[in-house]
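Undergrad: My structure is in protein_24.cif, and what it holds is mmCIF, C-alpha atoms:
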data_data
#
loop_
_atom_site.group_PDB
_atom_site.id
_atom_site.type_symbol
_atom_site.label_atom_id
_atom_site.label_comp_id
_atom_site.auth_asym_id
_atom_site.auth_seq_id
_atom_site.Cartn_x
_atom_site.Cartn_y
_atom_site.Cartn_z
ATOM 1 C CA MET G 288 4.754 6.209 -11.773
ATOM 2 C CA ARG G 289 2.563 5.348 -14.809
ATOM 3 C CA THR G 290 1.125 2.402 -12.879
ATOM 4 C CA HIS G 291 -0.609 4.493 -10.212
ATOM 5 C CA PRO G 292 -3.909 6.263 -10.914
ATOM 6 C CA MET G 293 -3.291 8.717 -8.077
ATOM 7 C CA ILE G 294 -0.112 10.499 -7.113
ATOM 8 C CA ILE G 295 1.197 12.723 -4.336
ATOM 9 C CA ILE G 296 3.782 15.271 -5.368
ATOM 10 C CA GLY G 297 4.685 18.266 -3.268
ATOM 11 C CA GLY G 298 2.380 16.970 -0.557
ATOM 12 C CA ILE G 299 -0.710 17.254 -2.764
ATOM 13 C CA LEU G 300 -2.861 14.310 -3.869
ATOM 14 C CA GLN G 301 -3.951 14.475 -7.490
ATOM 15 C CA GLU G 302 -4.979 12.278 -10.392
ATOM 16 C CA ASN G 303 -1.943 11.010 -12.240
ATOM 17 C CA PRO G 304 -2.096 12.348 -15.802
ATOM 18 C CA PHE G 305 0.493 9.756 -16.861
ATOM 19 C CA PHE G 306 -1.449 6.760 -15.570
ATOM 20 C CA VAL G 307 -1.753 3.903 -18.063
ATOM 21 C CA PRO G 308 -4.490 1.292 -17.490
ATOM 22 C CA PRO G 309 -3.165 -2.219 -16.814
ATOM 23 C CA ASP G 310 -4.291 -3.834 -20.100
ATOM 24 C CA GLU G 311 -2.430 -1.209 -22.084
ATOM 25 C CA PHE G 312 0.569 -1.196 -19.812
ATOM 26 C CA LEU G 313 0.972 -4.977 -19.884
ATOM 27 C CA ARG G 314 0.729 -4.916 -23.684
ATOM 28 C CA GLU G 315 3.459 -2.287 -23.734
ATOM 29 C CA LEU G 316 5.648 -4.406 -21.445
ATOM 30 C CA ARG G 317 5.190 -7.463 -23.674
ATOM 31 C CA GLU G 318 6.092 -5.427 -26.755
ATOM 32 C CA ARG G 319 9.178 -4.049 -25.039
ATOM 33 C CA HIS G 320 10.204 -7.576 -24.053
ATOM 34 C CA THR G 321 9.721 -8.847 -27.599
ATOM 35 C CA THR G 322 11.686 -5.966 -29.090
ATOM 36 C CA ARG G 323 14.543 -6.578 -26.676
ATOM 37 C CA ASN G 324 14.688 -10.369 -26.964
ATOM 38 C CA GLY G 325 13.167 -11.023 -30.380
ATOM 39 C CA PRO G 326 10.058 -13.125 -30.936
ATOM 40 C CA SER G 327 9.683 -16.262 -28.878
ATOM 41 C CA PRO G 328 10.485 -19.458 -30.788
ATOM 42 C CA THR G 329 7.378 -21.379 -31.777
ATOM 43 C CA GLY G 330 6.631 -24.643 -33.546
ATOM 44 C CA VAL G 331 8.803 -27.704 -33.564
ATOM 45 C CA MET I 8 -15.573 -8.289 28.790
ATOM 46 C CA ASP I 9 -14.144 -9.994 25.751
ATOM 47 C CA PRO I 10 -11.767 -7.525 24.068
ATOM 48 C CA ASP I 11 -13.000 -8.861 20.732
ATOM 49 C CA ASP I 12 -16.402 -7.344 21.540
ATOM 50 C CA ASP I 13 -14.936 -3.857 21.450
ATOM 51 C CA ARG I 14 -13.285 -4.503 18.119
ATOM 52 C CA VAL I 15 -16.444 -5.893 16.557
ATOM 53 C CA LYS I 16 -18.560 -3.063 17.930
ATOM 54 C CA SER I 17 -15.973 -0.589 16.747
ATOM 55 C CA GLY I 18 -15.995 -2.260 13.330
ATOM 56 C CA ARG I 19 -19.761 -2.007 13.157
ATOM 57 C CA ARG I 20 -19.636 1.626 14.164
ATOM 58 C CA VAL I 21 -17.093 2.317 11.471
ATOM 59 C CA SER I 22 -19.056 0.322 8.912
ATOM 60 C CA SER I 23 -21.805 2.885 9.231
ATOM 61 C CA GLU I 24 -19.215 5.573 8.539
ATOM 62 C CA ILE I 25 -17.573 3.917 5.549
ATOM 63 C CA SER I 26 -19.115 6.422 3.178
ATOM 64 C CA ARG I 27 -17.454 9.296 5.027
ATOM 65 C CA PRO I 28 -14.891 10.914 2.736
ATOM 66 C CA ILE I 29 -11.253 10.130 3.374
ATOM 67 C CA ARG I 30 -9.153 13.269 3.346
ATOM 68 C CA PHE I 31 -5.583 12.820 2.265
ATOM 69 C CA ALA I 32 -2.848 15.252 1.284
ATOM 70 C CA GLY I 33 -5.064 18.231 0.675
ATOM 71 C CA SER I 34 -7.700 16.348 -1.259
ATOM 72 C CA VAL I 35 -10.316 13.608 -0.903
ATOM 73 C CA LEU I 36 -9.683 10.033 -1.964
ATOM 74 C CA ASP I 37 -12.096 8.993 -4.664
ATOM 75 C CA ALA I 38 -12.779 5.541 -6.064
ATOM 76 C CA GLN I 39 -9.159 5.252 -7.220
ATOM 77 C CA ARG I 40 -7.189 4.414 -4.105
ATOM 78 C CA HIS I 41 -3.873 3.155 -5.452
ATOM 79 C CA VAL I 42 -1.565 6.046 -4.680
ATOM 80 C CA CYS I 43 2.088 6.667 -5.456
ATOM 81 C CA ALA I 44 3.791 9.226 -3.236
ATOM 82 C CA PHE I 45 7.139 10.940 -3.693
ATOM 83 C CA PHE I 46 8.865 12.778 -0.879
ATOM 84 C CA HIS I 47 12.046 14.793 -0.607
ATOM 85 C CA SER I 48 12.635 13.899 3.022
ATOM 86 C CA HIS I 49 11.291 11.745 5.821
ATOM 87 C CA ASP I 50 9.944 14.870 7.510
ATOM 88 C CA GLU I 51 7.926 15.694 4.397
ATOM 89 C CA GLU I 52 6.805 12.068 4.190
ATOM 90 C CA TYR I 53 5.461 12.014 7.716
ATOM 91 C CA SER I 54 3.905 15.464 7.577
ATOM 92 C CA THR I 55 1.852 14.171 4.633
ATOM 93 C CA LEU I 56 1.157 10.637 5.833
ATOM 94 C CA LEU I 57 0.627 11.061 9.573
ATOM 95 C CA PRO I 58 -2.710 12.937 9.417
ATOM 96 C CA PHE I 59 -4.009 10.277 7.019
ATOM 97 C CA ILE I 60 -2.705 7.438 9.182
ATOM 98 C CA LYS I 61 -4.027 8.980 12.387
ATOM 99 C CA ASP I 62 -7.446 9.563 10.851
ATOM 100 C CA GLY I 63 -7.634 5.851 10.040
ATOM 101 C CA PHE I 64 -6.777 4.884 13.614
ATOM 102 C CA GLU I 65 -9.381 7.290 14.980
ATOM 103 C CA ARG I 66 -12.021 5.836 12.689
ATOM 104 C CA GLY I 67 -11.244 2.359 13.967
ATOM 105 C CA GLU I 68 -9.790 1.165 10.668
ATOM 106 C CA LYS I 69 -6.911 -1.225 10.293
ATOM 107 C CA ALA I 70 -3.407 0.032 9.543
ATOM 108 C CA PHE I 71 -0.965 -2.245 7.749
ATOM 109 C CA HIS I 72 2.479 -0.724 7.219
ATOM 110 C CA ILE I 73 5.564 -2.091 5.492
ATOM 111 C CA VAL I 74 8.858 -0.424 6.351
ATOM 112 C CA ASP I 75 12.600 -0.548 5.933
ATOM 113 C CA PRO I 76 13.767 -2.566 8.964
ATOM 114 C CA LYS I 77 16.363 0.110 9.660
ATOM 115 C CA ARG I 78 13.564 2.621 10.168
ATOM 116 C CA ARG I 79 11.135 0.409 12.072
ATOM 117 C CA GLU I 80 11.650 2.009 15.480
ATOM 118 C CA GLU I 81 11.659 5.511 14.037
ATOM 119 C CA HIS I 82 8.355 4.714 12.331
ATOM 120 C CA ARG I 83 6.796 3.599 15.597
ATOM 121 C CA LEU I 84 8.072 6.761 17.304
ATOM 122 C CA ARG I 85 6.660 8.948 14.529
ATOM 123 C CA LEU I 86 3.247 7.304 14.962
ATOM 124 C CA ALA I 87 3.440 7.748 18.724
ATOM 125 C CA SER I 88 4.372 11.402 18.269
ATOM 126 C CA ALA I 89 1.045 11.862 16.495
ATOM 127 C CA GLY I 90 -0.790 10.481 19.523
ATOM 128 C CA ILE I 91 -1.291 6.961 18.191
ATOM 129 C CA GLU I 92 -1.137 4.271 20.859
ATOM 130 C CA VAL I 93 1.112 1.993 18.870
ATOM 131 C CA GLU I 94 1.534 -0.881 21.278
ATOM 132 C CA ALA I 95 -2.145 -1.066 22.169
ATOM 133 C CA ALA I 96 -3.090 -0.975 18.500
ATOM 134 C CA GLU I 97 -0.687 -3.827 17.765
ATOM 135 C CA LYS I 98 -2.073 -5.881 20.621
ATOM 136 C CA SER I 99 -5.654 -5.358 19.477
ATOM 137 C CA GLY I 100 -4.804 -6.281 15.882
ATOM 138 C CA GLN I 101 -5.640 -2.821 14.574
ATOM 139 C CA PHE I 102 -2.042 -2.170 13.590
ATOM 140 C CA GLU I 103 0.428 -4.475 11.895
ATOM 141 C CA LEU I 104 3.955 -3.403 11.047
ATOM 142 C CA ARG I 105 6.084 -5.544 8.759
ATOM 143 C CA ASN I 106 9.617 -5.284 7.550
ATOM 144 C CA TRP I 107 10.446 -5.543 3.841
ATOM 145 C CA ALA I 108 11.750 -9.062 4.450
ATOM 146 C CA ASP I 109 8.305 -10.135 5.662
ATOM 147 C CA ALA I 110 6.483 -8.669 2.680
ATOM 148 C CA TYR I 111 8.175 -7.600 -0.567
ATOM 149 C CA LEU I 112 11.436 -9.414 0.007
ATOM 150 C CA ARG I 113 10.491 -12.724 1.550
ATOM 151 C CA ASP I 114 13.287 -15.259 1.048
ATOM 152 C CA GLY I 115 15.483 -12.372 -0.064
ATOM 153 C CA HIS I 116 13.818 -11.622 -3.376
ATOM 154 C CA PHE I 117 10.750 -9.976 -4.845
ATOM 155 C CA ASP I 118 8.094 -12.308 -6.243
ATOM 156 C CA GLN I 119 5.224 -10.394 -7.806
ATOM 157 C CA ASP I 120 2.690 -13.244 -7.631
ATOM 158 C CA ARG I 121 3.412 -13.850 -3.975
ATOM 159 C CA MET I 122 3.148 -10.136 -3.211
ATOM 160 C CA LEU I 123 -0.168 -9.759 -5.032
ATOM 161 C CA ALA I 124 -1.456 -12.682 -2.978
ATOM 162 C CA LEU I 125 -0.231 -11.020 0.223
ATOM 163 C CA ILE I 126 -2.006 -7.756 -0.582
ATOM 164 C CA GLU I 127 -5.281 -9.600 -1.107
ATOM 165 C CA GLU I 128 -4.708 -11.611 2.045
ATOM 166 C CA VAL I 129 -4.135 -8.427 4.063
ATOM 167 C CA LEU I 130 -7.178 -6.605 2.680
ATOM 168 C CA GLU I 131 -9.427 -9.650 3.074
ATOM 169 C CA GLY I 132 -7.976 -10.281 6.517
ATOM 170 C CA GLY I 133 -8.858 -6.787 7.646
ATOM 171 C CA ARG I 134 -12.466 -7.344 6.670
ATOM 172 C CA GLN I 135 -12.557 -10.700 8.409
ATOM 173 C CA GLN I 136 -11.223 -9.072 11.587
ATOM 174 C CA GLY I 137 -14.175 -6.681 11.466
ATOM 175 C CA PHE I 138 -12.410 -3.575 10.176
ATOM 176 C CA ALA I 139 -14.351 -1.525 7.672
ATOM 177 C CA LEU I 140 -11.172 -0.491 5.875
ATOM 178 C CA THR I 141 -7.468 -1.211 5.883
ATOM 179 C CA ARG I 142 -5.106 1.658 5.145
ATOM 180 C CA LEU I 143 -2.027 0.023 3.686
ATOM 181 C CA VAL I 144 1.092 2.177 3.632
ATOM 182 C CA ALA I 145 4.261 0.713 2.156
ATOM 183 C CA ASP I 146 7.743 2.188 1.954
ATOM 184 C CA MET I 147 9.120 1.174 -1.461
ATOM 185 C CA GLU I 148 12.658 2.485 -1.167
ATOM 186 C CA TRP I 149 13.985 -1.079 -1.490
ATOM 187 C CA ALA I 150 13.108 -0.782 -5.181
ATOM 188 C CA LEU I 151 15.963 1.700 -5.584
ATOM 189 C CA GLU I 152 18.406 -1.020 -4.591
ATOM 190 C CA ASP I 153 19.680 -3.865 -6.714
ATOM 191 C CA ARG I 154 17.410 -6.554 -5.255
ATOM 192 C CA PRO I 155 16.634 -9.878 -6.917
ATOM 193 C CA GLY I 156 13.289 -9.657 -8.707
ATOM 194 C CA VAL I 157 13.145 -5.850 -8.647
ATOM 195 C CA ASP I 158 12.765 -5.818 -12.446
ATOM 196 C CA ASP I 159 9.278 -7.284 -11.990
ATOM 197 C CA LEU I 160 8.121 -4.403 -9.814
ATOM 198 C CA VAL I 161 6.564 -2.370 -12.630
ATOM 199 C CA GLU I 162 4.558 -5.362 -13.822
ATOM 200 C CA TYR I 163 3.442 -6.018 -10.250
ATOM 201 C CA GLU I 164 2.294 -2.417 -9.800
ATOM 202 C CA THR I 165 0.219 -2.471 -12.963
ATOM 203 C CA ARG I 166 -1.290 -5.871 -12.079
ATOM 204 C CA LEU I 167 -2.257 -4.416 -8.706
ATOM 205 C CA ASN I 168 -4.706 -2.266 -10.651
ATOM 206 C CA TYR I 169 -6.728 -5.416 -11.404
ATOM 207 C CA VAL I 170 -6.875 -6.300 -7.706
ATOM 208 C CA LEU I 171 -7.480 -3.017 -5.904
ATOM 209 C CA PRO I 172 -10.717 -1.948 -7.631
ATOM 210 C CA ARG I 173 -12.333 -4.909 -5.842
ATOM 211 C CA TYR I 174 -11.605 -3.218 -2.504
ATOM 212 C CA ASN I 175 -12.230 0.185 -0.946
ATOM 213 C CA ASP I 176 -8.981 0.099 0.966
ATOM 214 C CA PRO I 177 -6.408 2.812 0.239
ATOM 215 C CA VAL I 178 -2.988 1.460 -0.754
ATOM 216 C CA ILE I 179 -0.183 3.997 -0.586
#
Show this structure as structure tokens.
TA:
Amino acid sequence: MRTHPMIIIGGILQENPFFVPPDEFLRELRERHTTRNGPSPTGV
Amino acid sequence: MDPDDDRVKSGRRVSSEISRPIRFAGSVLDAQRHVCAFFHSHDEEYSTLLPFIKDGFERGEKAFHIVDPKRREEHRLRLASAGIEVEAAEKSGQFELRNWADAYLRDGHFDQDRMLALIEEVLEGGRQQGFALTRLVADMEWALEDRPGVDDLVEYETRLNYVLPRYNDPVI
């Protein structure tokens, strides 16, 4: 639901107050992924 | 007369009307046209969507719908019940109806990159056919099932917000 700028609930179209812009949302997803799996291995 | 002539003329006519407001669900669609809709029942769904869908047909816009294959015939009947000439619209290219397996779940799984490409292809295709707008309406109930790739759906939906601002087409 946070990925849609507009929402219909109860048959009424309205701006979605929970909308998160894609840059911010993708950052959040990456952080969630890192927290769950730990940092990706880097280097040799 | 070439049937394509009608479509092109119709497209031109509609082009001049593109600035007309699009009414939808008790409001007017603004620049943001990526819409999420929740319904308690199919009756509620169609009572909200049908006026919007019918308006698009009457304005000569393209309709691209993605449905649960189990509900395909019911969907066509619901459109017909609103006075939409479904078969004629399909023949003319104004209406395209796809099952989940021909859109979100091609080859049995969800691939977000492939789906983003399909959305762009559909919206661009509508323009190339001469339609001023495409109203894309997709049933997403498959996402409630345990389908391969479904975990990528949220990322896909947010990435769609990079694509859709380049178009005027409503995506529901």
Undergrad: Leaving out G:Leu316 and any residue of its chain fewer than 4 positions from it, which residues lie within 12 Å of it when counting all atoms listed in the file, given as a list in words?
TA: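 Once the adjacent positions are removed, what remains is Thr290, Val307, Pro309, Asp310, Glu311, Phe312, His320, Thr321, Thr322 and Arg323 of chain G; Asp158, Asp159, Leu160, Val161, Glu162, Tyr163, Thr165 and Arg166 of chain I.
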Undergrad: Could you list, as a ChimeraX atom specification, every residue within 8 Å of stretch 86-99 of chain I, counting all atoms listed in the file and ignoring same-chain residues fewer than 2 positions away?
TA: /I:10,14,57,61,64,82-84,101-103
Undergrad: Residues of chain G within 7 Å of chain I, using all atoms listed in the file, as a CSV table (one decimal) with C-alpha atoms, keeping the file's coordinate frame?
TA:
chain,number,residue,atom,x,y,z
G,288,MET,CA,4.8,6.2,-11.8
G,290,THR,CA,1.1,2.4,-12.9
G,291,HIS,CA,-0.6,4.5,-10.2
G,292,PRO,CA,-3.9,6.3,-10.9
G,293,MET,CA,-3.3,8.7,-8.1
G,294,ILE,CA,-0.1,10.5,-7.1
G,295,ILE,CA,1.2,12.7,-4.3
G,296,ILE,CA,3.8,15.3,-5.4
G,298,GLY,CA,2.4,17.0,-0.6
G,299,ILE,CA,-0.7,17.3,-2.8
G,300,LEU,CA,-2.9,14.3,-3.9
G,309,PRO,CA,-3.2,-2.2,-16.8
G,312,PHE,CA,0.6,-1.2,-19.8
Undergrad: What do you get, as a ChimeraX atom specification, if you spell out every residue that the PyMOL selection byres ((chain I and resi 107-116) around 8) selects here?
TA: /I:73-76,105-106,117-118,122,125,149,154-157
Undergrad: Using atom CA of I:Arg142 and atom CA of I:Glu65 as the two end points, give the distance in Å to one decimal.
TA: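 Atom CA of I:Glu65 lies at a distance of 12.1 Å from atom CA of I:Arg142.
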Undergrad: Selection in question (the file shown): the PyMOL selection byres ((chain I and resi 175) around 10). Which residues does it include, as a list in words?
TA: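 Evaluating the PyMOL selection byres ((chain I and resi 175) around 10) on these coordinates yields Ile25, Asp37, Ala38, Gln39, Arg40, His41, Leu130, Ala139, Leu140, Thr141, Arg142, Leu171, Pro172, Arg173, Tyr174, Asp176, Pro177 and Val178 of chain I.
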Undergrad: How many Å lie between atom CA of G:Gly297 and atom CA of I:Val170, rounded to one decimal?
TA: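 Spanning atom CA of G:Gly297 to atom CA of I:Val170 is a straight-line distance of 27.5 Å.
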Undergrad: So the first atom is atom CA of I:Phe71 and the second is atom CA of I:Val144; what is the distance between them in Å, to one decimal place?
TA: 6.4 Å
Undergrad: Using the file's own x, y and z axes, what box holds all listed atoms of stretch 134-148 of chain I with 6 Å on each side, keeping edges along x, y and z, and what are its centre and edge lengths in Å to one decimal, as lines of an AutoDock Vina configuration file?
TA:
center_x = -0.8
center_y = -4.1
center_z = 5.1
size_x = 39.0
size_y = 25.2
size_z = 25.0
